[in-house]
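Undergrad: Sharing run12.txt, compact mmCIF, C-alpha atoms:
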# COMPACT_ATOMS: atom_id res chain seq x y z
CA MET A 306 109.77 93.40 72.13
CA LYS A 307 108.13 96.10 74.20
CA ARG A 308 110.47 98.73 75.60
CA ALA A 309 110.65 100.98 78.64
CA VAL A 310 112.91 103.43 80.43
CA VAL A 311 115.12 102.00 83.16
CA VAL A 312 114.44 103.73 86.49
CA ALA A 313 117.48 105.49 87.99
CA PHE A 314 118.80 104.12 91.31
CA SER A 315 117.46 105.65 94.49
CA VAL A 316 116.49 104.67 98.02
CA MET A 317 113.40 105.99 99.74
CA ILE A 318 112.94 105.62 103.49
CA VAL A 319 109.97 106.58 105.64
CA SER A 320 110.78 107.21 109.27
CA ALA A 321 109.17 108.68 112.37
CA CYS A 322 107.33 111.97 112.02
CA SER A 323 108.34 112.42 108.41
CA GLU A 324 107.00 112.12 104.92
CA PRO A 325 108.68 109.82 102.38
CA ARG A 326 111.98 111.33 101.34
CA GLU A 327 114.38 110.27 98.65
CA PHE A 328 118.10 109.83 99.25
CA VAL A 329 120.30 109.92 96.19
CA ALA A 330 124.00 110.36 95.55
CA SER A 331 123.39 113.79 94.07
CA ALA A 332 120.51 116.23 93.92
CA ALA A 333 119.59 115.03 90.44
CA PRO A 334 120.98 111.63 89.46
CA PRO A 335 121.97 111.53 85.80
CA ALA A 336 119.66 109.76 83.38
CA PRO A 337 120.99 106.49 81.97
CA PRO A 338 122.43 106.62 78.45
CA ALA A 339 119.75 106.49 75.80
CA ALA A 340 120.77 103.06 74.53
CA GLU A 341 120.67 101.58 78.04
CA ALA A 342 117.38 103.29 78.88
CA GLU A 343 115.69 101.77 75.85
CA ASP A 344 117.27 98.32 76.01
CA TRP A 345 114.69 95.68 76.90
CA SER A 346 116.40 92.92 74.98
CA GLY A 347 117.76 89.83 76.67
CA PHE A 348 114.63 88.85 78.59
CA GLY A 349 113.86 85.84 76.45
CA VAL A 350 110.59 83.98 76.39
CA LEU A 351 108.28 84.03 79.38
CA GLU A 352 109.29 80.55 80.54
CA ASN A 353 112.80 81.87 81.18
CA VAL A 354 111.60 84.37 83.80
CA LEU A 355 112.98 81.96 86.44
CA ASN A 356 116.46 82.44 85.00
CA TRP A 357 116.61 86.22 84.96
CA THR A 358 119.78 87.92 86.20
CA PRO A 359 119.54 90.34 89.16
CA GLU A 360 119.50 93.28 86.73
CA GLN A 361 116.74 91.66 84.70
CA GLN A 362 114.77 91.08 87.91
CA LEU A 363 114.90 94.78 88.76
CA ARG A 364 114.00 95.96 85.27
CA GLY A 365 111.54 93.17 84.61
CA TYR A 366 109.53 92.76 87.80
CA ARG A 367 108.54 96.42 87.83
CA ASN A 368 107.86 96.62 84.09
CA ILE A 369 106.17 93.35 83.16
CA ASP A 370 103.51 95.18 81.17
CA LYS A 371 106.24 96.65 78.94
CA ILE A 372 107.66 93.21 78.16
CA TYR A 373 104.76 90.74 78.06
CA PRO A 374 101.02 90.90 77.38
CA THR A 375 98.99 91.90 80.43
CA ARG A 376 95.44 93.00 81.21
CA PRO A 377 94.96 96.18 83.28
CA VAL A 378 93.01 96.42 86.52
CA THR A 379 91.82 99.99 86.93
CA ALA A 380 92.24 101.87 90.21
CA SER A 381 89.48 103.34 92.34
CA GLU A 382 88.56 107.02 92.21
CA ARG A 383 88.27 106.93 96.02
CA PRO A 384 91.38 105.23 97.43
CA TYR A 385 91.08 103.43 100.74
CA PRO A 386 92.75 105.85 103.18
CA LEU A 387 96.08 104.85 104.68
CA PRO A 388 96.99 107.47 107.28
CA SER A 389 100.49 107.36 108.73
CA ASN A 390 101.84 106.88 112.23
CA TRP A 391 105.56 106.54 111.53
CA ILE A 392 107.84 104.56 113.81
CA GLU A 393 111.54 103.74 113.76
CA LEU A 394 112.94 100.22 113.55
CA THR A 395 116.32 101.29 114.92
CA ASP A 396 116.06 99.20 118.09
CA LEU A 397 114.47 96.13 116.52
CA ARG A 398 116.51 92.92 116.75
CA TYR A 399 115.79 89.34 115.76
CA GLU A 400 117.70 86.07 115.96
CA VAL A 401 118.45 83.33 113.45
CA SER A 402 120.63 80.34 114.42
CA GLY A 403 121.89 82.14 117.51
CA ALA A 404 123.01 85.26 115.63
CA THR A 405 121.37 88.66 116.11
CA PHE A 406 120.35 90.95 113.25
CA ASP A 407 118.78 94.39 112.91
CA ALA A 408 116.30 95.78 110.38
CA ASP A 409 118.92 97.10 107.97
CA GLN A 410 120.62 93.70 107.95
CA PHE A 411 117.30 92.04 107.20
CA PHE A 412 116.63 94.39 104.28
CA LYS A 413 120.07 93.68 102.84
CA HIS A 414 120.07 89.93 103.51
CA ASN A 415 116.63 89.41 101.93
CA HIS A 416 117.26 91.75 98.98
CA LEU A 417 114.26 93.98 99.72
CA VAL A 418 113.20 96.69 97.28
CA GLY A 419 109.93 97.52 99.02
CA PHE A 420 108.69 97.07 102.58
CA LEU A 421 105.44 98.11 104.25
CA ILE A 422 103.95 97.71 107.73
CA ILE A 423 100.31 98.60 108.43
CA LYS A 424 99.22 98.52 112.08
CA ARG A 425 95.58 99.16 113.01
CA GLY A 426 94.94 100.66 109.59
CA LYS A 427 97.89 103.06 109.68
CA VAL A 428 101.18 102.88 107.78
CA VAL A 429 103.96 102.80 110.35
CA VAL A 430 106.92 101.84 108.13
CA GLU A 431 107.37 102.20 104.38
CA ARG A 432 110.66 101.77 102.53
CA TYR A 433 111.73 101.60 98.90
CA ALA A 434 115.10 100.81 97.37
CA ARG A 435 116.97 100.26 94.10
CA GLY A 436 114.75 102.51 92.02
CA ASN A 437 111.34 101.44 93.34
CA THR A 438 108.89 104.14 94.42
CA PRO A 439 105.31 104.31 95.76
CA GLU A 440 104.13 104.17 92.12
CA THR A 441 106.13 101.03 91.24
CA ARG A 442 104.05 98.01 90.30
CA TRP A 443 105.90 94.84 91.34
CA TYR A 444 105.52 91.30 90.01
CA SER A 445 104.11 89.09 92.76
CA PHE A 446 104.49 85.52 91.45
CA SER A 447 102.30 83.21 93.62
CA VAL A 448 100.84 86.01 95.73
CA ALA A 449 98.35 85.97 92.84
CA LYS A 450 97.11 82.56 94.00
CA SER A 451 95.68 84.09 97.17
CA VAL A 452 93.94 86.75 95.06
CA VAL A 453 92.37 83.92 93.03
CA SER A 454 91.22 82.33 96.29
CA MET A 455 89.28 85.48 97.14
CA LEU A 456 87.82 85.66 93.63
CA ILE A 457 86.59 82.07 94.01
CA GLY A 458 84.90 83.22 97.22
CA ALA A 459 83.29 86.15 95.42
CA ALA A 460 81.98 83.79 92.74
CA VAL A 461 80.48 81.56 95.43
CA ARG A 462 78.72 84.53 97.02
CA ASP A 463 77.50 85.73 93.62
CA GLY A 464 76.11 82.27 92.86
CA TYR A 465 78.34 81.55 89.87
CA ILE A 466 79.89 78.64 91.78
CA GLN A 467 77.31 76.64 93.69
CA SER A 468 79.68 74.72 95.95
CA LEU A 469 83.36 73.97 96.43
CA ASP A 470 82.32 70.33 96.41
CA ALA A 471 81.41 70.57 92.72
CA THR A 472 83.94 68.84 90.48
CA VAL A 473 86.18 70.89 88.23
CA THR A 474 84.71 68.98 85.27
CA ASP A 475 81.30 70.49 86.05
CA TYR A 476 82.83 73.69 84.67
CA LEU A 477 85.54 72.23 82.43
CA PRO A 478 84.12 69.27 80.49
CA LEU A 479 87.36 69.05 78.51
CA LEU A 480 88.85 67.29 81.55
CA ALA A 481 86.08 64.66 81.74
CA GLY A 482 87.58 61.19 81.65
CA SER A 483 90.96 62.40 82.91
CA ALA A 484 92.53 62.13 86.36
CA TYR A 485 90.68 65.35 87.20
CA GLY A 486 87.29 63.71 86.68
CA LYS A 487 86.63 63.31 90.42
CA VAL A 488 88.64 66.31 91.69
CA SER A 489 86.50 68.88 93.49
CA ILE A 490 87.11 72.62 93.52
CA ARG A 491 87.93 72.21 97.21
CA ASP A 492 90.60 69.60 96.41
CA ALA A 493 92.19 71.92 93.86
CA ILE A 494 92.09 75.04 96.03
CA GLN A 495 93.86 73.06 98.79
CA MET A 496 96.51 71.74 96.35
CA ALA A 497 95.38 68.15 96.95
CA SER A 498 94.04 66.90 93.62
CA GLY A 499 96.13 63.74 93.75
CA VAL A 500 97.18 64.30 90.14
CA ALA A 501 100.90 64.04 89.32
CA TRP A 502 102.82 67.32 89.09
CA VAL A 503 106.44 68.38 89.68
CA GLU A 504 106.94 72.00 90.77
CA ASP A 505 110.73 72.34 90.56
CA TYR A 506 111.78 75.85 89.50
CA THR A 507 115.36 74.79 88.84
CA ASP A 508 114.63 71.73 86.65
CA PRO A 509 113.96 72.63 82.99
CA GLN A 510 112.26 69.24 82.55
CA SER A 511 109.78 69.67 85.42
CA ASP A 512 106.06 70.22 84.81
CA ILE A 513 106.25 73.88 85.85
CA ALA A 514 108.90 74.45 83.17
CA SER A 515 107.35 72.22 80.52
CA THR A 516 103.77 73.44 80.42
CA GLY A 517 103.09 76.65 78.54
CA GLY A 518 101.02 78.34 75.89
CA SER A 519 97.34 79.24 76.09
CA ALA A 520 94.86 78.26 78.79
CA LEU A 521 93.48 75.61 76.45
CA ASN A 522 96.93 74.12 75.84
CA ARG A 523 97.54 73.95 79.58
CA LEU A 524 94.26 72.12 80.15
CA ARG A 525 95.25 69.65 77.44
CA TYR A 526 98.56 69.14 79.24
CA LEU A 527 96.74 68.44 82.52
CA ARG A 528 94.39 66.03 80.79
CA LYS A 529 97.36 63.70 80.18
CA LYS A 530 98.64 63.69 83.78
CA PRO A 531 98.16 60.47 85.79
CA ARG A 532 96.65 60.11 89.24
CA VAL A 533 99.09 59.27 92.06
CA SER A 534 96.82 59.49 95.14
CA PRO A 535 93.11 59.87 96.01
CA PRO A 536 91.73 63.44 95.85
CA GLY A 537 92.00 65.41 99.07
CA ARG A 538 94.58 63.18 100.75
CA VAL A 539 98.07 64.37 99.73
CA PHE A 540 99.29 67.97 99.48
CA ASN A 541 101.39 68.79 96.42
CA TYR A 542 102.15 72.45 95.77
CA ASN A 543 101.00 72.93 92.23
CA THR A 544 100.75 76.08 90.11
CA ALA A 545 98.72 74.07 87.61
CA GLU A 546 95.94 73.75 90.21
CA ALA A 547 95.72 77.54 90.50
CA ASN A 548 95.61 77.88 86.70
CA LEU A 549 92.93 75.21 86.70
CA LEU A 550 90.95 77.23 89.23
CA GLY A 551 91.36 80.28 87.02
CA ALA A 552 89.81 78.33 84.15
CA VAL A 553 86.95 77.19 86.42
CA LEU A 554 86.40 80.78 87.51
CA ARG A 555 86.34 82.11 83.95
CA ALA A 556 83.88 79.42 82.90
CA ALA A 557 81.67 80.13 85.92
CA ILE A 558 81.53 83.93 85.65
CA GLY A 559 81.72 84.17 81.86
CA ASN A 560 84.42 86.82 82.10
CA ASN A 561 88.14 87.23 82.71
CA LEU A 562 89.80 87.40 86.11
CA SER A 563 91.09 90.96 85.79
CA THR A 564 87.66 92.41 85.05
CA TYR A 565 86.05 90.44 87.88
CA LEU A 566 88.78 91.57 90.28
CA GLU A 567 88.40 95.18 89.19
CA HIS A 568 84.64 95.26 89.66
CA LYS A 569 84.39 93.12 92.79
CA ILE A 570 87.43 94.21 94.83
CA TRP A 571 89.93 96.59 93.24
CA ARG A 572 87.70 99.59 92.59
CA PRO A 573 85.03 99.02 95.27
CA PHE A 574 87.54 98.58 98.10
CA GLY A 575 89.62 101.54 96.99
CA MET A 576 92.91 100.47 95.47
CA GLU A 577 94.98 103.55 94.68
CA HIS A 578 96.86 102.54 91.53
CA ASP A 579 96.18 100.59 88.39
CA ALA A 580 97.44 97.01 88.49
CA ASN A 581 97.98 94.43 85.76
CA TRP A 582 97.83 90.68 85.35
CA LEU A 583 100.06 88.67 83.03
CA LEU A 584 98.27 86.82 80.22
CA LEU A 585 99.06 83.31 79.06
CA ALA A 586 98.76 84.54 75.47
CA PRO A 587 98.05 87.96 73.91
CA GLY A 588 94.37 88.74 74.46
CA GLY A 589 93.94 85.47 76.34
CA ALA A 590 93.44 84.28 79.89
CA GLU A 591 95.33 85.46 82.96
CA HIS A 592 98.05 83.34 84.54
CA ALA A 593 95.96 82.53 87.60
CA GLY A 594 98.83 80.81 89.38
CA CYS A 595 101.13 83.78 89.14
CA CYS A 596 102.09 87.16 87.89
CA PHE A 597 99.85 89.87 89.28
CA SER A 598 101.55 93.29 89.54
CA ALA A 599 100.54 96.10 91.90
CA THR A 600 102.05 98.79 94.11
CA LEU A 601 103.30 98.14 97.63
CA ARG A 602 100.42 99.98 99.31
CA ASP A 603 97.80 98.23 97.20
CA TYR A 604 99.23 94.87 98.23
CA GLY A 605 98.81 96.18 101.76
CA ARG A 606 95.19 96.99 100.99
CA ILE A 607 94.71 93.41 99.75
CA GLY A 608 95.81 92.37 103.23
CA LEU A 609 93.34 94.79 104.83
CA PHE A 610 90.52 93.51 102.61
CA ALA A 611 91.28 89.95 103.70
CA MET A 612 91.51 91.02 107.34
CA ARG A 613 88.06 92.63 107.04
CA ASP A 614 86.69 89.23 105.95
CA GLY A 615 86.19 90.52 102.42
CA ARG A 616 84.02 93.52 103.29
CA LEU A 617 84.15 96.95 101.70
CA ARG A 618 84.60 100.15 103.69
CA ASN A 619 80.82 100.51 104.11
CA GLY A 620 80.53 96.95 105.36
CA THR A 621 79.15 95.49 102.13
CA PRO A 622 80.27 91.85 101.89
CA VAL A 623 82.08 90.73 98.74
CA LEU A 624 82.99 87.26 100.02
CA PRO A 625 80.68 84.80 101.80
CA ASP A 626 80.37 85.38 105.52
CA GLY A 627 83.26 83.65 107.27
CA TRP A 628 85.06 82.96 103.99
CA MET A 629 88.46 84.12 105.21
CA ALA A 630 88.19 81.98 108.35
CA GLU A 631 87.27 79.01 106.15
CA SER A 632 90.05 79.86 103.71
CA THR A 633 92.64 79.90 106.47
CA THR A 634 91.55 76.72 108.22
CA PRO A 635 94.16 73.93 107.92
CA SER A 636 93.33 71.42 105.21
CA ARG A 637 93.28 67.67 105.74
CA ALA A 638 96.28 67.25 103.44
CA ASN A 639 98.44 70.02 104.95
CA GLN A 640 98.00 71.73 108.32
CA GLY A 641 100.01 74.67 107.00
CA TYR A 642 97.85 75.36 103.95
CA GLY A 643 94.29 76.55 103.36
CA TYR A 644 92.55 77.84 100.25
CA LEU A 645 95.73 79.05 98.48
CA TRP A 646 96.97 80.71 101.70
CA TRP A 647 99.99 79.63 103.78
CA LEU A 648 99.05 79.27 107.46
CA ARG A 649 101.39 80.31 110.28
CA GLY A 650 99.31 79.31 113.31
CA SER A 651 97.25 81.41 115.74
CA GLY A 652 95.13 82.75 112.88
CA VAL A 653 98.09 84.27 111.02
CA TYR A 654 98.35 83.64 107.27
CA ASP A 655 100.47 84.68 104.30
CA ALA A 656 100.30 85.11 100.56
CA ILE A 657 103.72 84.01 99.33
CA GLY A 658 105.50 84.34 95.99
CA ILE A 659 108.91 83.05 94.96
CA TYR A 660 111.91 85.41 94.99
CA GLY A 661 110.69 86.93 98.26
CA GLN A 662 107.24 88.42 97.62
CA SER A 663 104.80 88.26 100.54
CA ILE A 664 101.73 89.64 102.28
CA HIS A 665 101.71 88.72 105.98
CA ILE A 666 98.32 89.06 107.72
CA ASP A 667 97.78 88.86 111.48
CA PRO A 668 94.12 89.69 112.22
CA ALA A 669 94.47 89.49 116.02
CA GLU A 670 97.25 92.09 115.96
CA GLU A 671 95.58 94.13 113.17
CA LEU A 672 98.87 93.85 111.32
CA VAL A 673 99.78 93.62 107.63
CA ILE A 674 103.38 93.37 106.40
CA VAL A 675 104.34 93.41 102.72
CA THR A 676 107.71 92.61 101.16
CA HIS A 677 108.96 93.12 97.61
CA SER A 678 112.26 91.37 97.01
CA THR A 679 114.75 90.11 94.46
CA TRP A 680 116.06 86.92 96.02
CA PRO A 681 118.85 85.45 93.89
CA GLN A 682 116.98 82.12 93.83
CA PRO A 683 113.27 81.23 93.76
CA THR A 684 113.17 79.84 97.30
CA GLY A 685 115.66 79.63 100.13
CA ARG A 686 115.46 78.32 103.66
CA GLU A 687 117.74 81.05 105.04
CA PHE A 688 115.69 83.81 103.42
CA GLU A 689 112.50 82.29 104.82
CA ARG A 690 113.96 81.94 108.32
CA HIS A 691 115.07 85.58 108.35
CA ARG A 692 111.68 86.74 107.09
CA SER A 693 109.77 84.73 109.70
CA ALA A 694 112.02 85.83 112.57
CA PHE A 695 111.85 89.46 111.46
CA PHE A 696 108.04 89.36 111.20
CA GLU A 697 107.85 87.89 114.70
CA ALA A 698 110.09 90.66 116.02
CA VAL A 699 107.96 93.33 114.34
CA THR A 700 104.80 91.79 115.79
CA ALA A 701 106.26 91.75 119.28
CA MET A 702 107.55 95.31 119.00
CA LEU A 703 104.16 96.67 117.90
CA ARG A 704 102.09 94.67 120.38
CA ASN A 705 100.53 96.90 123.02
Re-express the file's structure as C-alpha cells.
TA:
Amino acid sequence: MKRAVVVAFSVMIVSACSEPREFVASAAPPAPPAAEAEDWSGFGVLENVLNWTPEQQLRGYRNIDKIYPTRPVTASERPYPLPSNWIELTDLRYEVSGATFDADQFFKHNHLVGFLIIKRGKVVVERYARGNTPETRWYSFSVAKSVVSMLIGAAVRDGYIQSLDATVTDYLPLLAGSAYGKVSIRDAIQMASGVAWVEDYTDPQSDIASTGGSALNRLRYLRKKPRVSPPGRVFNYNTAEANLLGAVLRAAIGNNLSTYLEHKIWRPFGMEHDANWLLLAPGGAEHAGCCFSATLRDYGRIGLFAMRDGRLRNGTPVLPDGWMAESTTPSRANQGYGYLWWLRGSGVYDAIGIYGQSIHIDPAEELVIVTHSTWPQPTGREFERHRSAFFEAVTAMLRN
C-alpha cells in the first residue's frame, strides 16, 4: 500500500483586498503523530471507494496517487493568468424550501473543502478548508467525463475520429455482435446506448459495483449486456459509456488519455499544477468515467477553456469550431444532458461528480464556479438544491 503524510487541519479564506491567508488554532499546528501520519491502511480495494468514511474521504481524495496507480499530467511552464478581484460574500443570501441561508451555511451544509469563483477571467472568491490548500489535487469523480467529452472533440478536430455517427465497433471490434453493434459514438456520449446498465452507488450488486479490472475486462463485461431500448432514444446515466468512450479514444489516437490531455489542453492552455488520472490497472488505461485529480484553480481553468470554445490563449482552436455549443445542446433522450455535460438552461452547463464535485460554467455571465466537497453520500437532493440555489444567488450578485 502506498503511503503519505496526513495534512494538518487548517482553513484558508480569500476575502476582499487580501491575499490568501491561513487561519489555524495556533501559529504552528503540531504535526500528527508519526504512526498516524504514515497510516494509509484501511482504504481497501478501489471498488470500495464509495464506502469510505469521512476521514478516508479527506485523506484519500487529495492523495489518490499515493494509494492507487495513476498517470501524471504535467503542468504548463506558462500558467494561464488568474488575476484577482476579491469580493466578500457576507451579504449573499439564498433560499431553499422557504428558509434563508448565507454563504457560511452553504459551505458547512455542503461539506465544502474548496470553493472558487472566476468572474470575467478574475478570481473573486477562493476558499479552502479541512487541510486543503491551493496545491491540493482533489479527486473529481464524474467531472472527468466532461474532460473526456472535450478530448473526443479534440480527436474529431485532429481527424482521429471521423464522425460521431461512426459506431463504437468501428474502433472496438471486440464488441461486434453485441448490443453495442449499432451504437454510435454520439449515442454513447449522450448516455443513450439503449444497453442495460444499473448505476446505483449504494447497491453492491449493481453494474457500477460489479464491473472492474482492466479496460479489456470491462469491455468483455459490456459485451454480455442486453439491449433494452433502441439507440439514441432513452437516457440512462452510465459510467460504462464513458469508459467505453475512453476505449474508443485510445483506439483512435493510439495513445492514452493522460498524454493526449497533457499535449492538447493541459500544457498548451496553461494549467498551473500537475494533475493525475486514476488507472484501471497498474500501467493500464485511465478510468475515463471517473477519477481525474487536479487543483481547484486548474479545474477553474478547465471551465475557462470550455467557455472559450476550446481555444488556447492565442486563439488556436483545439476543439472543432462550435464544439462546446454542440456539446451543450440538449439531446433527444434528455433535455438536461449533452455530450457528457449537465445542462441547466440558458446556455449554462456543469461538470458534476458524486460527493459534491462540480464545475459550473455560465458563458453569458463569464462565470465559472468550482466546488470540492465531501458529501456524506454520493448524491443527495438537498445538497443539490442548496448548490443550485447558491449558484443562482452568486450569479445574481455578480451580474452588472
Undergrad: What's the separation between CA of Gly426 in chain A and CA of Leu387 in chain A, in Å to one decimal place?
TA: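 Between these atoms lies a distance of 6.6 Å.
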Undergrad: Find, counting only C-alpha atoms, the residue in A:Ala557, A:Met455, A:Cys595, A:Leu648 that gets nearest to Ile513 in chain A.
TA: A:Cys595
Undergrad: Find the residues with any atom within 9 Å of (96.7, 99.5, 102.9); use all atoms listed in the file and the coordinates as given in the file, and write the answer as a list in words.
TA: Tyr385, Pro386, Leu387, Leu421, Ile422, Ile423, Gly426, Lys427, Val428, Met576, Leu601, Arg602, Asp603, Tyr604, Gly605, Arg606, Ile607, Gly608, Leu609, Phe610 and Val673 of chain A
Undergrad: So the first atom is CA of Arg432 in chain A and the second is CA of Val418 in chain A; what is the distance between them in Å, to one decimal place?
TA: 7.7 Å
Undergrad: As an mmCIF file with C-alpha atoms, keeping the file's coordinate frame, please: the residues near Asn522 in chain A (cut-off 12 Å, all atoms listed in the file, same-chain neighbours under 5 positions excluded).
TA:
data_model
loop_
_atom_site.group_PDB
_atom_site.id
_atom_site.type_symbol
_atom_site.label_atom_id
_atom_site.label_comp_id
_atom_site.auth_asym_id
_atom_site.auth_seq_id
_atom_site.Cartn_x
_atom_site.Cartn_y
_atom_site.Cartn_z
ATOM 1 C CA LEU A 479 87.360 69.050 78.510
ATOM 2 C CA SER A 515 107.350 72.220 80.520
ATOM 3 C CA THR A 516 103.770 73.440 80.420
ATOM 4 C CA GLY A 517 103.090 76.650 78.540
ATOM 5 C CA LEU A 527 96.740 68.440 82.520
ATOM 6 C CA ARG A 528 94.390 66.030 80.790
ATOM 7 C CA LYS A 529 97.360 63.700 80.180
ATOM 8 C CA ALA A 545 98.720 74.070 87.610
ATOM 9 C CA ASN A 548 95.610 77.880 86.700
ATOM 10 C CA LEU A 549 92.930 75.210 86.700
ATOM 11 C CA ALA A 552 89.810 78.330 84.150
ATOM 12 C CA LEU A 585 99.060 83.310 79.060
ATOM 13 C CA ALA A 586 98.760 84.540 75.470
ATOM 14 C CA GLY A 589 93.940 85.470 76.340
ATOM 15 C CA ALA A 590 93.440 84.280 79.890
#
Undergrad: Take CA of Asp470 in chain A and CA of Trp647 in chain A and report the distance between them in Å, one decimal.
TA: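 Between CA of Asp470 in chain A and CA of Trp647 in chain A the gap is 21.3 Å.
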